[in-house]
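Asker: Right, I'll just put the structure down here and ask away after.
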Amino acid sequence: MPVLGIETSCDETGVAVYDGARGLLAHRLHSQIDTHARYGGVVPELASRDHIRKLAPLIREALTDAGISRHGLDGVAYTRGPGLAGALLVGAATARSLAYALDIPAAGIHHMEAHLLAPRLEADPPAFPFVALLVSGGHTMLVQVAGVGRYRLLGESVDDAAGEAFDKTAKLLGLGYPGGPAVEKAAREGDPKRFRFPRPMTDRPGLDFSFSGLKTHTLNTVQREGDDPQTRADVARAFQDAVIDTLAIKCRRALQATATPRLVIAGGVGANAALRERLAEVAEAHHARVFYPRPEFCTDNGAMVAYAGHLRLAAGESEPTAFDVAPRWDLESLSPPSGESRK
Ligand code: KG4
Ligand code: ZN
């Protein structure tokens, strides 16, 4: 049952074909980094226009790669939210029209559900239940995952998302956009001992995060110490160490609190190699295993949407032809795929 997946919630146009029996048949991605780089962040209207330009050709290419025609599709899945309204509408309108024309079902997918299920695309997938750390440009959350659609929010950021903090810090340091990879690269040359940034909200119990104070710390440090390349690298290192340490402390608490032996890391910040190393140590200390999607499926992509869509469509879930998008959407409001009973 091949399902077409479409991701257009932010600044990547992602398209993929996932088949229940044969797995991932194709995936294509167009990143808008070049479009937004000179503005230092995503410009929503430019994002929508670029999705309009790129989506149809990417769908054609993905179908060719998968070796099927559009008539071979059994369903279409698209990101319904959360995300930028205009960008979401491009994917939703395209997916719905295609499903209507082909007389096949369509399903609107929660972007964070897609992220947290992405490691299950890999050869050695995590079994349920697991704890998921979702760290992207828009979200930082710890979620207890009992099964598909069975999500309990353990904690989240009260202000900036982890990825957003990377992006803002990169901007302050003049490292360009997107910030995450740039800060990671600079941090490799940085001296870990020169500055120590705070680990926000780790001195009290709880699983919530706060990252907005770190950028003030970055700004103050740069203003005080100057912004020569070595200082920038040292600040990048201090910032990254603080974020990683904070995430590691909360993951440790979440594993303890839930007594779950599996930790899943998803979302763009999950591509950070230093974070991966650190969380591997945390998991080992708790006799837990850590699971990641491959780096290209950590950041936004169509494969995770096609996969989540396959799970929901195969269970018989689909929606009426009328559609909407959900720029803001509470993850805990989801239910298991229809057909499955809630245990
Ligand atoms: O999941 P994603 O592609 O898009 C959202 O849904 O937000 O995540 C993008 C975020 C950006 O903030 C980017 O700076 C961050 O992930 N990111 C990283 C790395 N690669 C991407 N942050 C830290 N280290 C990285 N290597
Ligand atoms: Zn994302």
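For the structure tokens, the naming scheme is as follows: chains receive sequential letters (A, B, ...) according to their order of presentation, residues are indexed from 1 within each chain, and ligands are indexed from 1 in presentation order.
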Would you mind listing the residues within 7 Å of ligand 2, counting only C-alpha atoms and all ligand atoms, as a ChimeraX atom specification?
Answerer: /A:111-112,115,136-137,267-268,299-300
Asker: Those residues with C-alpha atoms, as a compact mmCIF listing (two decimals), in the first residue's frame please?
Answerer:
```
# COMPACT_ATOMS: atom_id res chain seq x y z
CA HIS A 111 4.34 17.29 12.40
CA MET A 112 5.69 16.30 15.84
CA HIS A 115 9.22 13.49 13.95
CA SER A 136 13.57 21.26 16.57
CA GLY A 137 13.51 24.92 15.56
CA GLY A 267 13.99 16.90 15.33
CA GLY A 268 16.68 19.03 13.72
CA THR A 299 15.40 17.56 10.12
CA ASP A 300 12.12 18.08 8.28
```
Asker: Using only C-alpha atoms and all ligand atoms, what are the residues with an atom within 8 Å of ligand 1, set out as a ChimeraX atom specification?
Answerer: /A:9-12,83,111-112,115,135-139,161-167,177-184,266-273,275,298-301
Asker: Do you know which residues are at most 6 Å from Thr8 of chain A counting only C-alpha atoms, after dropping those on the same chain fewer than 4 positions away, and could you put them as a VMD selection string?
Answerer: chain A and resid 13 87 to 88 91
Asker: Go ahead and write the residues just picked, N, CA, C and O atoms, as a PDB file, in the first residue's frame.
Answerer:
```pdb
ATOM      1  N   THR A  13      10.712  21.514   1.546  1.00  0.00           N
ATOM      2  CA  THR A  13       9.661  20.804   0.826  1.00  0.00           C
ATOM      3  C   THR A  13      10.103  19.349   0.775  1.00  0.00           C
ATOM      4  O   THR A  13      11.126  19.036   0.171  1.00  0.00           O
ATOM      5  N   ALA A  87       2.452  27.994   4.438  1.00  0.00           N
ATOM      6  CA  ALA A  87       3.260  26.856   3.983  1.00  0.00           C
ATOM      7  C   ALA A  87       2.466  25.555   4.111  1.00  0.00           C
ATOM      8  O   ALA A  87       2.443  24.721   3.196  1.00  0.00           O
ATOM      9  N   LEU A  88       1.771  25.401   5.239  1.00  0.00           N
ATOM     10  CA  LEU A  88       0.949  24.205   5.446  1.00  0.00           C
ATOM     11  C   LEU A  88      -0.134  24.100   4.379  1.00  0.00           C
ATOM     12  O   LEU A  88      -0.427  23.013   3.866  1.00  0.00           O
ATOM     13  N   GLY A  91       0.872  22.372   1.042  1.00  0.00           N
ATOM     14  CA  GLY A  91       0.904  20.907   1.096  1.00  0.00           C
ATOM     15  C   GLY A  91      -0.486  20.319   1.233  1.00  0.00           C
ATOM     16  O   GLY A  91      -0.820  19.325   0.575  1.00  0.00           O
TER      17      GLY A  91
END
```
Asker: Using only C-alpha atoms, which of the listed residues (A:Ala236, A:Leu154, A:Val148, A:Ala288) sits closest to Pro337 of chain A?
Answerer: A:Val148
Asker: List as a list in words the protein and nucleic acid residues near segment 28-38 of chain A, meaning an atom at most 8 Å away when only C-alpha atoms are counted, but skip any in the same chain fewer than 2 places from it.
Answerer: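 Contacts, with the query itself left out: Asp11, Glu12, Thr13, Gly14, Val15, Ala16, Ala26, Gly40, Gly41, Val42, Val43, Leu46, Ala47, Asp50, Lys54, Leu58, Glu61, Ala62, Gly176, Tyr177, Pro178, Asn301 and Gly302 of chain A.
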Asker: From the options A:His286, A:Arg152, A:Arg60, A:Arg204, which residue's atoms come nearest to Arg262 of chain A, counting only C-alpha atoms?
Answerer: A:His286
